[in-house]
>>> print(open('final-v6.csv').read())   # CSV, C-alpha atoms and all ligand atoms
chain,number,residue,atom,x,y,z
A,1,MET,CA,65.7,-97.9,125.0
A,2,SER,CA,66.1,-101.6,124.8
A,3,THR,CA,65.5,-104.1,122.0
A,4,LEU,CA,63.2,-107.0,122.5
A,5,GLU,CA,64.9,-110.4,122.0
A,6,ILE,CA,63.6,-113.9,121.9
A,7,LYS,CA,63.4,-115.5,125.3
A,8,LYS,CA,62.0,-118.9,124.3
A,9,ILE,CA,60.3,-120.6,121.3
A,10,VAL,CA,57.4,-122.9,122.2
A,11,LYS,CA,55.9,-125.4,119.8
A,12,ALA,CA,52.1,-125.3,120.0
A,13,ILE,CA,50.6,-128.6,121.3
A,14,GLU,CA,47.9,-130.4,119.4
A,15,THR,CA,44.9,-131.0,121.6
A,16,SER,CA,41.1,-130.7,121.6
A,17,ASP,CA,38.5,-128.8,123.6
A,18,GLY,CA,34.7,-128.2,123.6
A,19,ALA,CA,33.0,-131.2,122.1
A,20,GLY,CA,36.2,-132.4,120.3
A,21,VAL,CA,37.3,-129.4,118.3
A,22,LYS,CA,40.9,-129.9,117.2
A,23,LEU,CA,43.2,-127.1,118.2
A,24,LYS,CA,46.8,-126.0,118.8
A,25,ARG,CA,47.5,-124.6,122.3
A,26,SER,CA,50.6,-122.6,122.9
A,27,ILE,CA,50.0,-120.4,126.0
A,28,GLY,CA,48.4,-122.5,128.8
A,29,THR,CA,50.8,-125.4,128.3
A,30,PRO,CA,53.5,-126.7,130.7
A,31,GLU,CA,56.1,-124.7,128.8
A,32,ALA,CA,54.2,-121.4,128.8
A,33,SER,CA,51.6,-121.8,131.5
A,34,TYR,CA,50.9,-118.1,132.3
A,35,ILE,CA,52.4,-115.1,130.4
A,36,ASP,CA,50.8,-112.5,132.8
A,37,PRO,CA,48.2,-111.3,131.9
A,38,PHE,CA,47.7,-114.0,129.2
A,39,LEU,CA,46.4,-117.4,130.3
A,40,MET,CA,45.8,-119.2,127.1
A,41,LEU,CA,46.2,-119.0,123.3
A,42,ASP,CA,44.5,-121.5,121.0
A,43,GLU,CA,44.6,-121.8,117.3
A,44,PHE,CA,41.6,-123.7,116.1
A,45,GLY,CA,41.2,-124.7,112.5
A,46,SER,CA,40.9,-127.3,109.9
A,47,GLU,CA,39.8,-128.0,106.4
A,48,ASN,CA,38.0,-131.1,107.6
A,49,LYS,CA,34.6,-130.3,109.2
A,50,ASP,CA,34.8,-133.4,111.4
A,51,ASP,CA,37.6,-131.5,113.3
A,52,TYR,CA,35.3,-128.6,114.3
A,53,ILE,CA,31.6,-129.3,113.6
A,54,ALA,CA,30.8,-130.3,117.2
A,55,GLY,CA,31.8,-126.9,118.4
A,56,PHE,CA,31.8,-125.6,122.0
A,57,PRO,CA,28.4,-126.3,123.5
A,58,ALA,CA,27.2,-124.5,126.6
A,59,HIS,CA,29.9,-124.0,129.2
A,60,PRO,CA,30.7,-121.5,131.9
A,61,HIS,CA,33.5,-118.9,132.4
A,62,ARG,CA,34.4,-116.7,135.3
A,63,GLY,CA,37.2,-114.2,136.0
A,64,ILE,CA,38.7,-114.0,132.5
A,65,GLU,CA,38.3,-112.2,129.1
A,66,THR,CA,38.2,-114.3,125.9
A,67,VAL,CA,39.2,-112.6,122.7
A,68,THR,CA,38.1,-114.6,119.6
A,69,TYR,CA,39.5,-113.7,116.2
A,70,MET,CA,38.1,-115.5,113.2
A,71,LEU,CA,40.4,-115.6,110.2
A,72,GLU,CA,38.2,-118.0,108.2
A,73,GLY,CA,34.8,-119.4,108.8
A,74,LYS,CA,31.7,-118.5,110.7
A,75,PHE,CA,30.7,-119.1,114.3
A,76,GLN,CA,27.5,-118.5,116.2
A,77,HIS,CA,27.6,-117.3,119.8
A,78,GLN,CA,24.8,-117.4,122.4
A,79,ASP,CA,25.0,-116.7,126.1
A,80,SER,CA,23.2,-116.4,129.5
A,81,THR,CA,23.0,-112.6,129.2
A,82,GLY,CA,20.6,-113.1,126.2
A,83,SER,CA,23.3,-111.9,123.8
A,84,LYS,CA,23.5,-113.7,120.4
A,85,GLY,CA,25.7,-113.0,117.4
A,86,ILE,CA,27.4,-114.5,114.3
A,87,MET,CA,31.1,-114.0,113.9
A,88,GLU,CA,32.2,-114.0,110.3
A,89,THR,CA,35.6,-114.1,108.6
A,90,GLY,CA,37.7,-111.3,110.0
A,91,ASP,CA,35.5,-110.4,113.0
A,92,VAL,CA,36.5,-110.2,116.6
A,93,GLN,CA,34.5,-110.9,119.8
A,94,TRP,CA,36.0,-109.5,123.0
A,95,MET,CA,34.1,-110.9,126.0
A,96,LYS,CA,34.7,-109.9,129.6
A,97,THR,CA,33.2,-112.7,131.6
A,98,GLY,CA,33.5,-111.0,135.0
A,99,ARG,CA,31.5,-112.9,137.6
A,100,GLY,CA,30.1,-115.4,135.2
A,101,ILE,CA,28.7,-116.3,131.9
A,102,ILE,CA,27.4,-119.5,130.3
A,103,HIS,CA,27.8,-119.5,126.6
A,104,SER,CA,28.1,-121.7,123.5
A,105,GLU,CA,30.3,-121.2,120.4
A,106,MET,CA,29.1,-123.3,117.5
A,107,PRO,CA,30.1,-123.4,113.8
A,108,ALA,CA,27.6,-121.7,111.6
A,109,MET,CA,29.0,-123.5,108.5
A,110,SER,CA,28.5,-127.0,107.2
A,111,GLY,CA,32.0,-127.4,105.7
A,112,GLY,CA,35.0,-125.6,104.4
A,113,LYS,CA,38.0,-124.1,106.1
A,114,LEU,CA,37.9,-122.8,109.6
A,115,LEU,CA,40.8,-120.8,111.2
A,116,GLY,CA,40.6,-118.8,114.3
A,117,PHE,CA,42.2,-117.8,117.6
A,118,GLN,CA,41.1,-117.6,121.1
A,119,LEU,CA,43.2,-115.7,123.6
A,120,TRP,CA,42.3,-115.6,127.4
A,121,ILE,CA,43.3,-112.6,129.3
A,122,ASN,CA,43.2,-112.6,133.1
A,123,MET,CA,41.1,-110.1,135.0
A,124,PRO,CA,42.4,-108.5,138.2
A,125,SER,CA,40.5,-109.5,141.4
A,126,LYS,CA,38.6,-106.1,141.5
A,127,LEU,CA,37.1,-106.8,138.0
A,128,LYS,CA,36.3,-110.5,138.4
A,129,LYS,CA,33.0,-109.6,140.1
A,130,ASN,CA,31.8,-107.3,137.3
A,131,LYS,CA,28.8,-108.0,135.1
A,132,PRO,CA,29.8,-109.6,131.8
A,133,GLU,CA,30.5,-107.2,128.9
A,134,TYR,CA,31.0,-107.6,125.2
A,135,LEU,CA,32.6,-105.9,122.3
A,136,TYR,CA,31.6,-107.3,118.9
A,137,ILE,CA,34.0,-105.9,116.3
A,138,LYS,CA,33.2,-106.3,112.7
A,139,LYS,CA,36.0,-106.8,110.3
A,140,ASN,CA,35.7,-103.3,108.8
A,141,GLU,CA,35.9,-101.7,112.3
A,142,LEU,CA,39.5,-103.0,112.9
A,143,GLY,CA,42.3,-100.5,112.5
A,144,SER,CA,44.1,-101.2,109.3
A,145,TYR,CA,47.6,-100.1,108.1
A,146,LYS,CA,49.1,-101.0,104.8
A,147,SER,CA,52.2,-99.6,103.3
A,148,ASP,CA,55.2,-100.9,101.4
A,149,GLY,CA,54.8,-104.6,102.0
A,150,VAL,CA,53.7,-104.2,105.7
A,151,THR,CA,50.1,-104.9,106.6
A,152,VAL,CA,48.9,-104.5,110.2
A,153,LYS,CA,45.3,-105.1,111.5
A,154,VAL,CA,44.9,-103.4,114.9
A,155,ILE,CA,42.5,-105.1,117.3
A,156,ALA,CA,43.9,-103.3,120.4
A,157,GLY,CA,46.6,-100.8,120.9
A,158,LYS,CA,47.9,-98.2,118.5
A,159,PHE,CA,50.2,-98.7,115.5
A,160,LYS,CA,51.5,-95.4,114.0
A,161,ASP,CA,48.3,-93.3,114.3
A,162,ILE,CA,45.9,-96.3,113.8
A,163,GLU,CA,44.1,-97.3,117.0
A,164,GLY,CA,42.2,-100.5,117.6
A,165,PRO,CA,38.6,-100.6,118.8
A,166,GLU,CA,39.3,-102.0,122.3
A,167,LYS,CA,40.3,-99.0,124.4
A,168,ASN,CA,40.7,-97.9,128.1
A,169,HIS,CA,41.6,-101.4,129.2
A,170,ASN,CA,43.2,-102.2,132.5
A,171,VAL,CA,46.2,-104.2,131.0
A,172,GLU,CA,46.6,-101.8,128.0
A,173,PRO,CA,46.6,-104.7,125.5
A,174,ILE,CA,48.2,-104.6,122.1
A,175,TYR,CA,46.9,-107.1,119.6
A,176,PHE,CA,48.1,-106.8,116.0
A,177,HIS,CA,47.8,-109.2,113.1
A,178,VAL,CA,50.8,-108.5,110.9
A,179,VAL,CA,51.6,-109.6,107.3
A,180,LEU,CA,55.1,-108.9,106.0
A,181,GLU,CA,56.4,-109.4,102.5
A,182,LYS,CA,59.9,-111.0,102.2
A,183,LYS,CA,62.7,-108.7,103.7
A,184,LYS,CA,60.2,-106.2,105.1
A,185,LYS,CA,60.3,-105.1,108.7
A,186,PHE,CA,57.8,-104.6,111.4
A,187,GLU,CA,59.0,-102.0,114.0
A,188,PHE,CA,57.1,-101.0,117.1
A,189,ASN,CA,57.7,-99.3,120.4
A,190,LEU,CA,55.9,-100.7,123.5
A,191,PRO,CA,55.8,-99.9,127.2
A,192,LYS,CA,58.8,-101.5,129.0
A,193,GLU,CA,56.7,-103.3,131.7
A,194,HIS,CA,54.6,-105.2,129.1
A,195,ASN,CA,54.9,-108.9,128.5
A,196,SER,CA,54.8,-109.8,124.9
A,197,PHE,CA,54.9,-112.6,122.3
A,198,ILE,CA,54.6,-113.4,118.6
A,199,TYR,CA,52.5,-116.2,117.4
A,200,LEU,CA,53.9,-117.2,114.0
A,201,LEU,CA,51.2,-118.4,111.5
A,202,LYS,CA,53.3,-118.6,108.4
A,203,GLY,CA,56.8,-117.9,107.3
A,204,GLU,CA,60.1,-117.3,109.1
A,205,LEU,CA,61.2,-114.3,111.1
A,206,THR,CA,64.4,-112.7,112.5
A,207,VAL,CA,63.7,-111.0,115.8
A,208,GLY,CA,65.9,-108.4,117.5
A,209,ASN,CA,69.7,-108.2,117.2
A,210,ASN,CA,70.8,-111.5,118.8
A,211,LYS,CA,71.3,-114.7,116.8
A,212,HIS,CA,68.5,-117.1,117.4
A,213,GLU,CA,67.2,-120.5,116.3
A,214,LYS,CA,65.0,-120.7,113.3
A,215,THR,CA,61.3,-119.7,113.8
A,216,SER,CA,58.6,-121.6,112.0
A,217,ASP,CA,54.8,-121.9,111.7
A,218,SER,CA,52.4,-122.5,114.7
A,219,ASN,CA,55.1,-121.5,117.2
A,220,LEU,CA,54.9,-119.1,120.1
A,221,ILE,CA,57.8,-116.8,120.3
A,222,LEU,CA,58.1,-115.4,123.8
A,223,LEU,CA,60.0,-112.1,124.0
A,224,ASN,CA,62.1,-110.4,126.7
A,225,LYS,CA,60.8,-107.2,128.1
A,226,GLY,CA,62.0,-104.1,126.2
A,227,THR,CA,60.8,-101.1,124.4
A,228,ASP,CA,61.9,-101.6,120.8
A,229,LEU,CA,60.7,-104.5,118.7
A,230,ILE,CA,62.2,-105.2,115.3
A,231,VAL,CA,61.0,-108.1,113.3
A,232,GLU,CA,62.2,-108.9,109.8
A,233,ALA,CA,60.5,-111.4,107.4
A,234,ASN,CA,63.0,-114.0,106.0
A,235,LYS,CA,60.2,-114.9,103.6
A,236,MET,CA,56.6,-113.8,103.3
A,237,SER,CA,55.3,-114.1,106.9
A,238,GLU,CA,52.2,-113.7,108.9
A,239,PHE,CA,51.9,-113.4,112.7
A,240,LEU,CA,50.1,-112.1,115.7
A,241,PHE,CA,51.9,-109.7,118.0
A,242,ILE,CA,50.3,-109.5,121.5
A,243,ALA,CA,51.4,-107.6,124.6
A,244,GLY,CA,49.9,-106.5,127.9
A,245,LYS,CA,50.8,-105.1,131.3
A,246,PRO,CA,51.2,-107.8,133.9
A,247,ILE,CA,48.5,-107.9,136.7
A,248,GLY,CA,50.9,-109.5,139.2
A,249,GLU,CA,48.3,-111.3,141.3
A,250,GLU,CA,48.3,-115.0,142.4
A,251,ILE,CA,46.0,-117.1,140.2
A,252,ALA,CA,44.1,-120.3,140.8
A,253,ARG,CA,42.8,-122.1,137.8
A,254,GLY,CA,39.9,-124.5,137.5
A,255,GLY,CA,39.2,-125.2,133.8
A,256,PRO,CA,37.0,-122.4,132.5
A,257,PHE,CA,37.3,-120.4,135.8
A,258,VAL,CA,40.4,-118.4,136.7
A,259,MET,CA,40.3,-116.7,140.1
A,260,ASN,CA,42.9,-115.7,142.8
A,261,THR,CA,42.3,-118.6,145.3
A,262,LYS,CA,41.3,-122.2,145.3
A,263,GLU,CA,38.3,-121.3,147.6
A,264,GLU,CA,37.0,-119.0,144.8
A,265,ILE,CA,37.3,-121.8,142.3
A,266,ASN,CA,35.3,-124.1,144.6
A,267,GLN,CA,32.7,-121.3,145.0
A,268,ALA,CA,32.5,-121.0,141.2
A,269,ILE,CA,31.9,-124.8,140.8
A,270,LYS,CA,29.3,-124.7,143.6
A,271,ASP,CA,27.5,-121.7,142.0
A,272,TYR,CA,27.4,-123.5,138.6
A,273,GLN,CA,26.0,-126.7,140.2
A,274,ASP,CA,23.5,-124.7,142.2
A,275,GLY,CA,22.2,-122.8,139.2
A,276,THR,CA,23.1,-119.4,140.7
A,277,PHE,CA,26.2,-118.9,138.5
A,278,ALA,CA,24.8,-116.6,135.8
A,279,LYS,CA,22.2,-114.6,137.8
A,280,TYR,CA,22.8,-110.9,137.2
A,301,FE2,FE,34.0,-120.3,126.0
>>> encode(input="final-v6.csv", output="structure tokens")
Amino acid sequence: MSTLEIKKIVKAIETSDGAGVKLKRSIGTPEASYIDPFLMLDEFGSENKDDYIAGFPAHPHRGIETVTYMLEGKFQHQDSTGSKGIMETGDVQWMKTGRGIIHSEMPAMSGGKLLGFQLWINMPSKLKKNKPEYLYIKKNELGSYKSDGVTVKVIAGKFKDIEGPEKNHNVEPIYFHVVLEKKKKFEFNLPKEHNSFIYLLKGELTVGNNKHEKTSDSNLILLNKGTDLIVEANKMSEFLFIAGKPIGEEIARGGPFVMNTKEEINQAIKDYQDGTFAKY
């Protein structure tokens, strides 16, 4: 047994994507470029509709999975497989893009608060050629644990005997949304080969046994490998805990495409320009 300790704390960078949606990016930045198998983590949200109303009009993806978790607000999704859906507060959309998808993600709200997360998970080369697949998870289908000041929503993985809806996945992902009251602890055992991190939304945490610098909101807390995670809330805190088995392959990035080689990125760009990208 080994306790997970903090490896590095990374401040999320304010940026924008899509048609100008303001967001905070933590993974996929110079300081945390690739936490195998995780390629990107964005927090998007604002109380000002001008920061998000332009949305993410039609754009392609290849070779990745995108996991979108809406904490507040409503988004409409539409794509080249003919799939269409509305994500409401608390819902999750888990999309495996495989060999290619063109989709749009647009606000289905005219104002009010928006808060959500998009995580990109790499796919191993053998799955990058698959047909796109989806899992739409309604809020009430998430695993939910609540006891003595500890609340855990389970999107993937298993907490105590509560299992999340995304199962039999190649990287054995763990994706929890945790809320801790002051002085309460979140304790969890994970496979020793997994890479893992905490994304702190609110509050301040003490992680592991070693002394560490203060944690604060909108920070990515990268963890060392280990089997035992112990997190204590110094005050009421809320965070995402995410972990997965590394894929260990070379990656080549080209914006919305993530493949193994530069040639495959060039091929993706060519397929998109030729109009053959999303033919199934
Ligand atoms: Fe997208």
>>> residues_near_ligand(input="final-v6.csv", ligand="ligand FE2 301 (chain A)", cutoff="9 Å", atoms="all atoms listed in the file", output="list in words")
Gly18, Phe56, Pro57, Ala58, His59, Pro60, His61, Thr66, Ile101, Ile102, His103, Ser104, Glu105 and Pro256 of chain A
>>> atom_distance(input="final-v6.csv", atom1="atom CA of A:Asp161", atom2="atom CA of A:Ile35")
27.4 Å
>>> closest_atom_pairs(input="final-v6.csv", of="stretch 224-267 of chain A", to="stretch 120-128 of chain A", cutoff="9 Å", atoms="only C-alpha atoms", output="JSON lines")
{"residue": "A:Ile247", "atom": "CA", "partner": "A:Pro124", "partner_atom": "CA", "distance": 6.3}
{"residue": "A:Gly248", "atom": "CA", "partner": "A:Pro124", "partner_atom": "CA", "distance": 8.6}
{"residue": "A:Glu249", "atom": "CA", "partner": "A:Pro124", "partner_atom": "CA", "distance": 7.2}
{"residue": "A:Ile251", "atom": "CA", "partner": "A:Asn122", "partner_atom": "CA", "distance": 8.9}
{"residue": "A:Val258", "atom": "CA", "partner": "A:Asn122", "partner_atom": "CA", "distance": 7.4}
{"residue": "A:Met259", "atom": "CA", "partner": "A:Ser125", "partner_atom": "CA", "distance": 7.3}
{"residue": "A:Asn260", "atom": "CA", "partner": "A:Ser125", "partner_atom": "CA", "distance": 6.8}
>>> residues_near_point(input="final-v6.csv", point="(61.6, -103.0, 122.0)", cutoff="12 Å", atoms="only C-alpha atoms", output="PyMOL selection string")
chain A and resi 1-6+186-197+207-209+223-231+243
>>> atom_distance(input="final-v6.csv", atom1="atom CA of A:Met95", atom2="atom CA of A:Ile155")
13.4 Å
>>> atom_distance(input="final-v6.csv", atom1="atom CA of A:Gln267", atom2="atom CA of A:Gln118")
25.6 Å
>>> closest_residue(input="final-v6.csv", among="A:Ala32, A:Met106, A:Ile64, A:Met236", to="A:Ala19", atoms="all atoms listed in the file")
A:Met106
>>> residues_around(input="final-v6.csv", residues="stretch 8-13 of chain A", least_positions_apart="2", cutoff="7 Å", atoms="only C-alpha atoms", output="PyMOL selection string")
chain A and resi 6+15+24-26+31+218-222
>>> closest_residue(input="final-v6.csv", among="A:Lys211, A:Lys146, A:Lys153, A:Lys167", to="A:Phe241", atoms="only C-alpha atoms")
A:Lys153
>>> residues_around(input="final-v6.csv", residues="A:Ser237", least_positions_apart="3", cutoff="10 Å", atoms="all atoms listed in the file", output="number ranges by chain")
A: 178-184, 200-205, 216-217, 232-234
>>> closest_residue(input="final-v6.csv", among="A:Arg62, A:Lys138, A:Asp148, A:Tyr52", to="A:Ala268", atoms="all atoms listed in the file")
A:Arg62
>>> closest_residue(input="final-v6.csv", among="A:Leu23, A:Ile174, A:Ile86, A:Ala278", to="A:Val152", atoms="only C-alpha atoms")
A:Ile174
>>> closest_residue(input="final-v6.csv", among="A:Gln93, A:Gln76, A:Asn168, A:Thr276", to="A:Glu141", atoms="all atoms listed in the file")
A:Gln93
>>> closest_residue(input="final-v6.csv", among="A:Gly63, A:His169, A:Phe239, A:Thr68", to="A:Ile265", atoms="all atoms listed in the file")
A:Gly63
>>> residues_around(input="final-v6.csv", residues="A:Asp91", least_positions_apart="2", cutoff="8 Å", atoms="only C-alpha atoms", output="mmCIF file with C-alpha atoms, in the frame of the given file")
data_model
loop_
_atom_site.group_PDB
_atom_site.id
_atom_site.type_symbol
_atom_site.label_atom_id
_atom_site.label_comp_id
_atom_site.auth_asym_id
_atom_site.auth_seq_id
_atom_site.Cartn_x
_atom_site.Cartn_y
_atom_site.Cartn_z
ATOM 1 C CA TYR A 69 39.500 -113.700 116.200
ATOM 2 C CA MET A 70 38.100 -115.500 113.200
ATOM 3 C CA LEU A 71 40.400 -115.600 110.200
ATOM 4 C CA MET A 87 31.100 -114.000 113.900
ATOM 5 C CA GLU A 88 32.200 -114.000 110.300
ATOM 6 C CA THR A 89 35.600 -114.100 108.600
ATOM 7 C CA GLN A 93 34.500 -110.900 119.800
ATOM 8 C CA TYR A 136 31.600 -107.300 118.900
ATOM 9 C CA ILE A 137 34.000 -105.900 116.300
ATOM 10 C CA LYS A 138 33.200 -106.300 112.700
ATOM 11 C CA LYS A 139 36.000 -106.800 110.300
#
>>> build_atoms(input="final-v6.csv", residues="stretch 252-279 of chain A", atoms="N, CA and C atoms", output="PDB file, keeping the file's coordinate frame")
ATOM      1  N   ALA A 252      44.472-118.873 140.577  1.00  0.00           N
ATOM      2  CA  ALA A 252      44.100-120.300 140.800  1.00  0.00           C
ATOM      3  C   ALA A 252      43.210-120.611 139.588  1.00  0.00           C
ATOM      4  N   ARG A 253      43.538-121.741 138.955  1.00  0.00           N
ATOM      5  CA  ARG A 253      42.800-122.100 137.800  1.00  0.00           C
ATOM      6  C   ARG A 253      41.904-123.321 138.048  1.00  0.00           C
ATOM      7  N   GLY A 254      40.747-123.310 137.439  1.00  0.00           N
ATOM      8  CA  GLY A 254      39.900-124.500 137.500  1.00  0.00           C
ATOM      9  C   GLY A 254      39.150-124.548 136.180  1.00  0.00           C
ATOM     10  N   GLY A 255      39.818-125.096 135.150  1.00  0.00           N
ATOM     11  CA  GLY A 255      39.200-125.200 133.800  1.00  0.00           C
ATOM     12  C   GLY A 255      38.820-123.832 133.299  1.00  0.00           C
ATOM     13  N   PRO A 256      37.482-123.612 133.124  1.00  0.00           N
ATOM     14  CA  PRO A 256      37.000-122.400 132.500  1.00  0.00           C
ATOM     15  C   PRO A 256      36.943-121.190 133.530  1.00  0.00           C
ATOM     16  N   PHE A 257      37.339-121.450 134.782  1.00  0.00           N
ATOM     17  CA  PHE A 257      37.300-120.400 135.800  1.00  0.00           C
ATOM     18  C   PHE A 257      38.767-120.051 136.163  1.00  0.00           C
ATOM     19  N   VAL A 258      39.060-118.763 136.250  1.00  0.00           N
ATOM     20  CA  VAL A 258      40.400-118.400 136.700  1.00  0.00           C
ATOM     21  C   VAL A 258      40.162-117.280 137.783  1.00  0.00           C
ATOM     22  N   MET A 259      40.538-117.629 139.022  1.00  0.00           N
ATOM     23  CA  MET A 259      40.300-116.700 140.100  1.00  0.00           C
ATOM     24  C   MET A 259      41.665-116.525 140.862  1.00  0.00           C
ATOM     25  N   ASN A 260      41.621-115.945 142.081  1.00  0.00           N
ATOM     26  CA  ASN A 260      42.900-115.700 142.800  1.00  0.00           C
ATOM     27  C   ASN A 260      43.166-116.817 143.823  1.00  0.00           C
ATOM     28  N   THR A 261      42.127-117.503 144.293  1.00  0.00           N
ATOM     29  CA  THR A 261      42.300-118.600 145.300  1.00  0.00           C
ATOM     30  C   THR A 261      41.554-119.815 144.939  1.00  0.00           C
ATOM     31  N   LYS A 262      41.984-120.924 145.525  1.00  0.00           N
ATOM     32  CA  LYS A 262      41.300-122.200 145.300  1.00  0.00           C
ATOM     33  C   LYS A 262      39.873-122.147 145.858  1.00  0.00           C
ATOM     34  N   GLU A 263      39.680-121.409 146.978  1.00  0.00           N
ATOM     35  CA  GLU A 263      38.300-121.300 147.600  1.00  0.00           C
ATOM     36  C   GLU A 263      37.376-120.632 146.531  1.00  0.00           C
ATOM     37  N   GLU A 264      37.887-119.624 145.821  1.00  0.00           N
ATOM     38  CA  GLU A 264      37.000-119.000 144.800  1.00  0.00           C
ATOM     39  C   GLU A 264      36.700-119.885 143.649  1.00  0.00           C
ATOM     40  N   ILE A 265      37.617-120.796 143.334  1.00  0.00           N
ATOM     41  CA  ILE A 265      37.300-121.800 142.300  1.00  0.00           C
ATOM     42  C   ILE A 265      36.230-122.737 142.772  1.00  0.00           C
ATOM     43  N   ASN A 266      36.368-123.193 144.024  1.00  0.00           N
ATOM     44  CA  ASN A 266      35.300-124.100 144.600  1.00  0.00           C
ATOM     45  C   ASN A 266      33.986-123.407 144.617  1.00  0.00           C
ATOM     46  N   GLN A 267      33.986-122.104 144.930  1.00  0.00           N
ATOM     47  CA  GLN A 267      32.700-121.300 145.000  1.00  0.00           C
ATOM     48  C   GLN A 267      32.119-121.275 143.553  1.00  0.00           C
ATOM     49  N   ALA A 268      32.974-121.079 142.546  1.00  0.00           N
ATOM     50  CA  ALA A 268      32.500-121.000 141.200  1.00  0.00           C
ATOM     51  C   ALA A 268      31.833-122.341 140.764  1.00  0.00           C
ATOM     52  N   ILE A 269      32.472-123.457 141.130  1.00  0.00           N
ATOM     53  CA  ILE A 269      31.900-124.800 140.800  1.00  0.00           C
ATOM     54  C   ILE A 269      30.578-124.961 141.512  1.00  0.00           C
ATOM     55  N   LYS A 270      30.523-124.534 142.779  1.00  0.00           N
ATOM     56  CA  LYS A 270      29.300-124.700 143.600  1.00  0.00           C
ATOM     57  C   LYS A 270      28.178-123.803 142.946  1.00  0.00           C
ATOM     58  N   ASP A 271      28.497-122.561 142.589  1.00  0.00           N
ATOM     59  CA  ASP A 271      27.500-121.700 142.000  1.00  0.00           C
ATOM     60  C   ASP A 271      26.957-122.255 140.686  1.00  0.00           C
ATOM     61  N   TYR A 272      27.848-122.880 139.918  1.00  0.00           N
ATOM     62  CA  TYR A 272      27.400-123.500 138.600  1.00  0.00           C
ATOM     63  C   TYR A 272      26.503-124.664 138.901  1.00  0.00           C
ATOM     64  N   GLN A 273      26.874-125.490 139.891  1.00  0.00           N
ATOM     65  CA  GLN A 273      26.000-126.700 140.200  1.00  0.00           C
ATOM     66  C   GLN A 273      24.686-126.242 140.796  1.00  0.00           C
ATOM     67  N   ASP A 274      24.699-125.161 141.592  1.00  0.00           N
ATOM     68  CA  ASP A 274      23.500-124.700 142.200  1.00  0.00           C
ATOM     69  C   ASP A 274      22.528-123.959 141.243  1.00  0.00           C
ATOM     70  N   GLY A 275      23.051-123.579 140.101  1.00  0.00           N
ATOM     71  CA  GLY A 275      22.200-122.800 139.200  1.00  0.00           C
ATOM     72  C   GLY A 275      22.204-121.322 139.487  1.00  0.00           C
ATOM     73  N   THR A 276      23.105-120.845 140.357  1.00  0.00           N
ATOM     74  CA  THR A 276      23.100-119.400 140.700  1.00  0.00           C
ATOM     75  C   THR A 276      24.251-118.676 139.986  1.00  0.00           C
ATOM     76  N   PHE A 277      24.947-119.397 139.128  1.00  0.00           N
ATOM     77  CA  PHE A 277      26.200-118.900 138.500  1.00  0.00           C
ATOM     78  C   PHE A 277      25.955-117.641 137.647  1.00  0.00           C
ATOM     79  N   ALA A 278      24.955-117.685 136.794  1.00  0.00           N
ATOM     80  CA  ALA A 278      24.800-116.600 135.800  1.00  0.00           C
ATOM     81  C   ALA A 278      23.526-115.789 136.123  1.00  0.00           C
ATOM     82  N   LYS A 279      23.339-115.453 137.390  1.00  0.00           N
ATOM     83  CA  LYS A 279      22.200-114.600 137.800  1.00  0.00           C
ATOM     84  C   LYS A 279      22.804-113.161 137.879  1.00  0.00           C
TER      85      LYS A 279
END
